[in-house]
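The data block below is protein04.txt; it holds compact mmCIF, C-alpha atoms.
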```txt
# COMPACT_ATOMS: atom_id res chain seq x y z
CA MET A 1 26.87 -203.65 -35.40
CA SER A 2 24.10 -202.61 -37.76
CA THR A 3 23.14 -203.95 -41.12
CA GLN A 4 20.98 -202.71 -43.92
CA ALA A 5 20.90 -206.04 -45.69
CA ASP A 6 17.54 -207.28 -46.93
CA PRO A 7 16.48 -209.91 -44.41
CA VAL A 8 14.81 -212.00 -47.09
CA GLN A 9 18.04 -212.21 -49.08
CA SER A 10 20.39 -212.66 -46.12
CA VAL A 11 21.51 -215.14 -43.54
CA ARG A 12 20.55 -213.89 -40.09
CA ILE A 13 23.29 -214.08 -37.44
CA VAL A 14 22.39 -214.00 -33.75
CA PHE A 15 24.64 -213.78 -30.70
CA PHE A 16 23.55 -214.78 -27.21
CA ALA A 17 24.46 -214.00 -23.62
CA SER A 18 28.16 -213.26 -23.08
CA LEU A 19 28.83 -213.31 -26.83
CA ARG A 20 26.29 -210.57 -27.40
CA GLU A 21 28.11 -208.44 -24.84
CA GLN A 22 31.59 -209.29 -26.13
CA THR A 23 30.74 -208.54 -29.76
CA GLY A 24 28.59 -205.53 -28.90
CA CYS A 25 26.03 -207.04 -31.23
CA ALA A 26 22.77 -208.95 -30.76
CA GLU A 27 22.18 -209.74 -34.40
CA SER A 28 23.58 -209.17 -37.82
CA ALA A 29 23.33 -210.54 -41.36
CA VAL A 30 25.65 -211.93 -44.00
CA THR A 31 25.11 -212.82 -47.63
CA PRO A 32 24.33 -216.48 -48.36
CA GLY A 33 27.31 -218.74 -48.92
CA THR A 34 28.96 -221.17 -46.55
CA LEU A 35 29.81 -221.09 -42.87
CA GLU A 36 33.36 -220.35 -43.98
CA THR A 37 32.32 -217.23 -45.91
CA ALA A 38 30.06 -216.16 -43.06
CA LEU A 39 32.92 -216.40 -40.57
CA ALA A 40 35.15 -214.41 -42.89
CA ALA A 41 32.50 -211.70 -43.15
CA LEU A 42 32.08 -211.62 -39.38
CA LYS A 43 35.84 -211.41 -38.90
CA ALA A 44 35.88 -208.33 -41.08
CA ALA A 45 32.88 -206.76 -39.40
CA LEU A 46 33.42 -207.49 -35.70
CA PRO A 47 36.02 -206.07 -33.34
CA ALA A 48 38.98 -208.46 -33.16
CA ALA A 49 38.35 -209.42 -29.55
CA GLY A 50 34.69 -210.12 -30.28
CA PHE A 51 35.50 -212.37 -33.24
CA GLN A 52 38.01 -214.22 -31.08
CA GLU A 53 35.28 -214.88 -28.52
CA ILE A 54 32.82 -216.32 -31.03
CA SER A 55 35.60 -218.52 -32.41
CA ALA A 56 36.43 -220.06 -29.04
CA ASP A 57 36.40 -223.85 -28.76
CA ASN A 58 33.55 -223.89 -26.28
CA VAL A 59 31.22 -221.82 -28.45
CA ARG A 60 28.62 -223.88 -30.28
CA VAL A 61 27.05 -222.84 -33.57
CA ALA A 62 23.43 -223.61 -34.43
CA LEU A 63 21.90 -223.45 -37.89
CA ASN A 64 18.12 -223.06 -37.90
CA HIS A 65 17.95 -224.24 -34.29
CA GLU A 66 20.06 -227.36 -34.88
CA LEU A 67 23.51 -227.61 -33.33
CA LEU A 68 26.28 -228.07 -35.87
CA ASP A 69 28.88 -230.77 -35.24
CA VAL A 70 32.07 -229.31 -33.83
CA ASP A 71 34.08 -231.27 -36.42
CA LEU A 72 32.27 -230.00 -39.49
CA ASP A 73 34.33 -228.31 -42.17
CA PRO A 74 32.89 -224.75 -42.37
CA ALA A 75 33.29 -224.79 -46.13
CA SER A 76 30.88 -227.72 -46.30
CA VAL A 77 28.03 -226.00 -44.48
CA ALA A 78 25.78 -224.18 -46.93
CA LEU A 79 23.94 -221.08 -45.75
CA GLN A 80 20.92 -219.99 -47.73
CA ALA A 81 18.84 -216.83 -47.66
CA GLY A 82 16.47 -216.99 -44.71
CA ASP A 83 18.72 -219.28 -42.66
CA GLU A 84 19.56 -218.33 -39.09
CA LEU A 85 23.01 -218.92 -37.65
CA ALA A 86 23.40 -218.60 -33.89
CA PHE A 87 26.55 -218.43 -31.77
CA LEU A 88 25.94 -219.98 -28.37
CA PRO A 89 28.18 -219.78 -25.29
CA PRO A 90 28.26 -222.86 -23.04
CA VAL A 91 24.75 -223.30 -21.63
CA THR A 92 23.90 -222.95 -17.95
CA GLY A 93 20.23 -223.84 -17.64
CA GLY A 94 18.40 -226.02 -15.17
CA MET B 95 3.68 -225.10 -24.60
CA ASN B 96 5.28 -227.83 -26.63
CA SER B 97 4.26 -231.42 -26.27
CA LEU B 98 4.91 -234.76 -27.81
CA SER B 99 3.84 -238.34 -27.28
CA CYS B 100 6.40 -241.09 -26.79
CA ARG B 101 5.95 -244.79 -26.89
CA ARG B 102 7.04 -246.69 -23.87
CA SER B 103 10.23 -248.67 -24.32
CA PRO B 104 10.00 -251.96 -26.22
CA GLY B 105 9.61 -255.12 -24.21
CA VAL B 106 6.78 -253.69 -22.14
CA SER B 107 3.56 -255.54 -22.86
CA VAL B 108 1.19 -252.60 -22.51
CA SER B 109 1.72 -249.70 -24.92
CA VAL B 110 1.02 -246.36 -23.28
CA ARG B 111 1.76 -242.99 -24.81
CA ALA B 112 3.45 -240.61 -22.40
CA HIS B 113 1.94 -237.18 -21.95
CA VAL B 114 4.83 -234.75 -22.34
CA GLN B 115 4.77 -231.00 -21.92
CA VAL B 116 7.63 -228.50 -21.80
CA GLY B 117 7.51 -224.73 -21.58
CA VAL B 118 9.50 -221.56 -21.06
CA GLN B 119 7.87 -218.61 -19.31
CA GLU B 120 8.68 -215.49 -17.33
CA GLU B 121 5.88 -215.81 -14.80
CA ASP B 122 6.11 -218.07 -11.80
CA PHE B 123 4.66 -221.58 -12.02
CA ASP B 124 2.20 -223.23 -9.65
CA LEU B 125 3.62 -226.59 -8.67
CA GLY B 126 0.35 -227.71 -7.12
CA GLN B 127 -1.51 -227.03 -10.32
CA MET B 128 1.13 -228.90 -12.33
CA TYR B 129 0.78 -231.85 -9.97
CA VAL B 130 -3.01 -231.93 -10.37
CA GLN B 131 -2.60 -231.77 -14.16
CA MET B 132 -0.05 -234.60 -14.08
CA ARG B 133 -2.37 -236.81 -12.06
CA ALA B 134 -5.16 -236.17 -14.53
CA ALA B 135 -2.93 -236.71 -17.56
CA GLY B 136 -1.32 -239.87 -16.19
CA GLY B 137 -4.57 -241.44 -15.17
CA ALA B 138 -4.87 -244.95 -13.82
CA ALA B 139 -1.45 -245.98 -15.12
CA THR B 140 0.27 -243.64 -12.66
CA GLY B 141 1.61 -245.19 -9.50
CA ALA B 142 4.33 -242.66 -8.84
CA ILE B 143 4.96 -238.95 -9.45
CA ALA B 144 8.36 -237.42 -8.74
CA LEU B 145 8.73 -233.63 -8.51
CA PHE B 146 11.80 -231.38 -8.52
CA VAL B 147 12.02 -227.62 -8.16
CA GLY B 148 15.19 -225.57 -8.69
CA LEU B 149 15.42 -222.25 -6.85
CA VAL B 150 17.62 -219.15 -6.95
CA ARG B 151 20.14 -219.37 -4.11
CA ASP B 152 21.25 -216.24 -2.34
CA ARG B 153 24.98 -217.05 -2.32
CA ASN B 154 27.35 -216.20 -5.13
CA GLU B 155 28.15 -219.23 -7.28
CA ARG B 156 30.93 -217.85 -9.41
CA ALA B 157 33.18 -216.15 -6.91
CA GLY B 158 32.59 -218.86 -4.33
CA ASP B 159 33.10 -216.22 -1.70
CA GLY B 160 29.64 -216.45 -0.26
CA SER B 161 28.78 -212.93 -1.32
CA GLN B 162 25.12 -212.06 -1.58
CA VAL B 163 23.34 -212.64 -4.88
CA ALA B 164 21.04 -209.80 -5.83
CA SER B 165 19.40 -211.48 -8.80
CA LEU B 166 19.71 -214.13 -11.47
CA THR B 167 18.85 -213.32 -15.07
CA LEU B 168 18.01 -216.18 -17.39
CA GLU B 169 18.16 -215.87 -21.16
CA HIS B 170 17.03 -218.36 -23.79
CA TYR B 171 16.86 -218.84 -27.56
CA PRO B 172 13.16 -218.87 -28.44
CA GLY B 173 12.42 -221.87 -30.62
CA MET B 174 15.66 -223.71 -30.02
CA THR B 175 15.31 -223.81 -26.25
CA GLU B 176 11.92 -225.51 -26.39
CA LYS B 177 13.30 -228.02 -28.90
CA SER B 178 16.20 -228.79 -26.59
CA MET B 179 13.82 -229.37 -23.67
CA LEU B 180 11.59 -231.65 -25.76
CA ALA B 181 14.62 -233.65 -26.86
CA ILE B 182 15.60 -234.21 -23.23
CA ALA B 183 12.05 -235.28 -22.32
CA GLU B 184 12.00 -237.63 -25.31
CA GLN B 185 15.27 -239.24 -24.22
CA ALA B 186 13.82 -239.83 -20.76
CA CYS B 187 10.70 -241.45 -22.27
CA GLU B 188 12.84 -243.72 -24.43
CA ARG B 189 14.88 -244.80 -21.47
CA TRP B 190 12.17 -245.35 -18.86
CA PRO B 191 8.50 -246.37 -19.02
CA LEU B 192 7.16 -242.90 -18.24
CA VAL B 193 3.51 -241.98 -18.28
CA GLY B 194 4.00 -238.22 -18.09
CA VAL B 195 6.67 -235.53 -18.15
CA HIS B 196 6.15 -231.84 -17.47
CA VAL B 197 9.05 -229.38 -17.43
CA VAL B 198 8.66 -225.63 -16.94
CA HIS B 199 11.71 -223.35 -16.98
CA ARG B 200 11.52 -219.65 -16.24
CA VAL B 201 13.45 -216.84 -17.88
CA GLY B 202 13.90 -213.20 -16.97
CA THR B 203 15.34 -211.59 -13.86
CA LEU B 204 14.64 -213.51 -10.66
CA PRO B 205 15.38 -212.63 -7.01
CA PRO B 206 16.86 -215.03 -4.44
CA GLU B 207 14.46 -217.79 -3.39
CA ALA B 208 12.52 -217.53 -6.66
CA GLN B 209 11.51 -220.72 -8.43
CA ILE B 210 13.50 -221.33 -11.61
CA VAL B 211 12.53 -224.75 -12.93
CA ALA B 212 10.06 -227.53 -12.23
CA VAL B 213 10.33 -231.14 -13.38
CA LEU B 214 7.43 -233.55 -12.85
CA VAL B 215 7.66 -237.17 -13.94
CA ALA B 216 4.93 -239.79 -13.66
CA SER B 217 5.33 -243.52 -14.08
CA ALA B 218 3.81 -246.74 -12.89
CA HIS B 219 6.58 -247.25 -10.35
CA ARG B 220 8.90 -245.05 -8.33
CA ASP B 221 12.22 -246.22 -9.76
CA ALA B 222 11.41 -244.83 -13.22
CA ALA B 223 9.86 -241.66 -11.79
CA PHE B 224 12.89 -240.85 -9.59
CA ALA B 225 15.44 -241.78 -12.25
CA GLY B 226 13.57 -239.95 -15.00
CA ALA B 227 13.36 -236.76 -12.97
CA GLU B 228 17.05 -236.88 -12.05
CA PHE B 229 18.04 -237.62 -15.65
CA ILE B 230 15.97 -234.71 -16.95
CA MET B 231 17.45 -232.28 -14.44
CA ASP B 232 21.02 -233.42 -15.18
CA TYR B 233 20.42 -232.95 -18.91
CA LEU B 234 18.70 -229.61 -18.43
CA LYS B 235 22.01 -228.51 -16.89
CA THR B 236 24.12 -229.59 -19.84
CA ASP B 237 21.88 -229.55 -22.91
CA ALA B 238 18.98 -227.12 -22.43
CA VAL B 239 19.59 -223.81 -24.17
CA PHE B 240 19.61 -221.24 -21.35
CA TRP B 241 22.20 -218.88 -19.96
CA LYS B 242 22.35 -217.49 -16.43
CA LYS B 243 23.80 -214.17 -15.40
CA GLU B 244 24.31 -213.48 -11.74
CA ALA B 245 24.21 -210.00 -10.23
CA ALA B 246 26.08 -209.89 -6.93
CA GLU B 247 28.02 -207.46 -4.80
CA GLY B 248 31.06 -207.66 -7.06
CA GLY B 249 29.08 -206.97 -10.23
CA GLU B 250 27.42 -209.05 -12.93
CA SER B 251 28.82 -212.21 -14.47
CA TRP B 252 27.67 -215.04 -16.70
CA LEU B 253 27.75 -218.39 -14.91
CA GLN B 254 30.04 -221.13 -16.20
CA SER B 255 29.02 -224.72 -16.67
CA THR B 256 30.55 -226.96 -14.01
CA GLU B 257 32.64 -230.11 -14.16
CA ASP B 258 30.19 -231.79 -11.83
CA ASP B 259 27.25 -231.15 -14.14
CA ALA B 260 29.20 -232.46 -17.13
CA GLN B 261 30.20 -235.54 -15.17
CA ARG B 262 26.64 -236.31 -14.13
CA ALA B 263 25.46 -236.21 -17.74
CA GLU B 264 28.40 -238.39 -18.76
CA ASN B 265 27.51 -240.89 -16.05
CA TRP B 266 24.04 -241.33 -17.55
CA ARG B 267 25.61 -241.95 -20.95
CA GLU B 268 28.23 -244.40 -19.74
CA GLN B 269 26.38 -246.39 -17.14
CA GLY B 270 23.08 -246.65 -18.98
CA ARG B 271 21.40 -246.11 -15.64
```
What would you get if you wrote out this structure as structure tokens?
Amino acid sequence: MSTQADPVQSVRIVFFASLREQTGCAESAVTPGTLETALAALKAALPAAGFQEISADNVRVALNHELLDVDLDPASVALQAGDELAFLPPVTGG
Amino acid sequence: MNSLSCRRSPGVSVSVRAHVQVGVQEEDFDLGQMYVQMRAAGGAATGAIALFVGLVRDRNERAGDGSQVASLTLEHYPGMTEKSMLAIAEQACERWPLVGVHVVHRVGTLPPEAQIVAVLVASAHRDAAFAGAEFIMDYLKTDAVFWKKEAAEGGESWLQSTEDDAQRAENWREQGR
């Protein structure tokens, strides 16, 4: 998935590991808004199966390197230009 | 390298700042060199140093069929991974009177028998050193931001986190060990 959005004006989206493979995309960008609007944009842009994978219960979302609570209302999470949103599969380090 | 200083837990009469260092790298680490550095950093307060090394096994984890592993590829999230490792080290320092912590975790594609991760913990006494090292390893398994992909005879697959690893981390939380 490619984007021509201005990085300074956008929210950077990054996908890791299995999610990168399942979406066919390492990174993308959405316009600033909320997590809810970002997810809607991704739903429109990604293949259906890929969006389903990033929406799975065991996928964690990080905003600017901080994990977001799983219970947060997406509409309540503000995303500003320059922010980075990451979709993380369950970790397997150590 | 990222580092921080932690205070020892309250109730201890002597205040010593722990020397903490965490890092992610592709190249192999030299455990002997890390040990020498830990001895120097810990100084006279160190009575015990515990070391752990995790290695790439040659048997397939996912399929459980014993098939040969060709390689293990480790991926991380630059910036967030180091933060996650520091947070784990900080938790260990809060929980035990540690004098030093050094964690190095490799990324990239590694063959069987390769070193993956090293955890060194120094303390005045062995109970804190052993427990701190075990705690850090258990939390590296559940909280550190890395992903492993195994290449074996049947193809490539991303490893899944295990129930056992989750349980070990939960045990630390519940028992307050």
Specify as a PyMOL selection string all residues of chain A found within 10 Å of chain B, counting only C-alpha atoms.
-> chain A and resi 14-18+62+64-67+86+88-94
Using all atoms listed in the file, what residues lie at most 7 Å away from (5.0, -244.0, -14.2) (file coordinates), given as a list in words?
-> Ala139, Thr140, Gly141, Ala142, Ile143, Pro191, Leu192, Val193, Ala216, Ser217, Ala218, His219, Ala222 and Ala223 of chain B
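Nearest residue to Phe51 (chain A), choosing from A:Ser10, A:Ala78, A:Glu36, A:Gln22 and counting all atoms listed in the file: A:Gln22.
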Near Glu84 (chain A), within 6 Å and counting only C-alpha atoms, which residues show up once chain neighbours fewer than 4 positions away are dropped, as a compact mmCIF listing (two decimals) with C-alpha atoms, in the coordinates of the input?
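Contents of the output file part_10.txt:
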```txt
# COMPACT_ATOMS: atom_id res chain seq x y z
CA VAL A 11 21.51 -215.14 -43.54
CA ARG A 12 20.55 -213.89 -40.09
CA ILE A 13 23.29 -214.08 -37.44
CA LEU A 63 21.90 -223.45 -37.89
CA ASN A 64 18.12 -223.06 -37.90
```
Might you pull out every residue within 6 Å of region 79-83 of chain A, with all atoms listed in the file counted and same-chain residues fewer than 4 positions away left off, and present them as a list in words?
-> Val8, Gln9, Ser10, Val11, Pro32, Gly33 and Thr34 of chain A
With all atoms listed in the file counted, which protein, DNA or RNA residues have an atom no more than 9 Å from (20.6, -211.3, -13.0) in the file frame? Please answer as a ChimeraX atom specification.
-> /B:163-168,202-205,242-246,250-252
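What separates CA of Leu214 (chain B) from CA of Ala144 (chain B) is a distance of 5.7 Å.
Between CA of Glu120 (chain B) and CA of Arg20 (chain A) the interatomic distance comes to 20.9 Å.
Proximity of A:Glu21, A:Ser28, A:Ile54, A:Leu46 to Phe87 (chain A), computed with all atoms listed in the file, is greatest for A:Ile54.
Take CA of Val116 (chain B) and CA of Leu180 (chain B): the distance between them is 6.4 Å.
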Find the axis-aligned box for region 50-54 of chain A, covering all its listed atoms and adding 3 Å on each side, and write its centre and edge lengths in Å to one decimal as JSON.
```
{"center_x": 35.4, "center_y": -213.2, "center_z": -30.9, "size_x": 11.2, "size_y": 12.2, "size_z": 10.7}
```
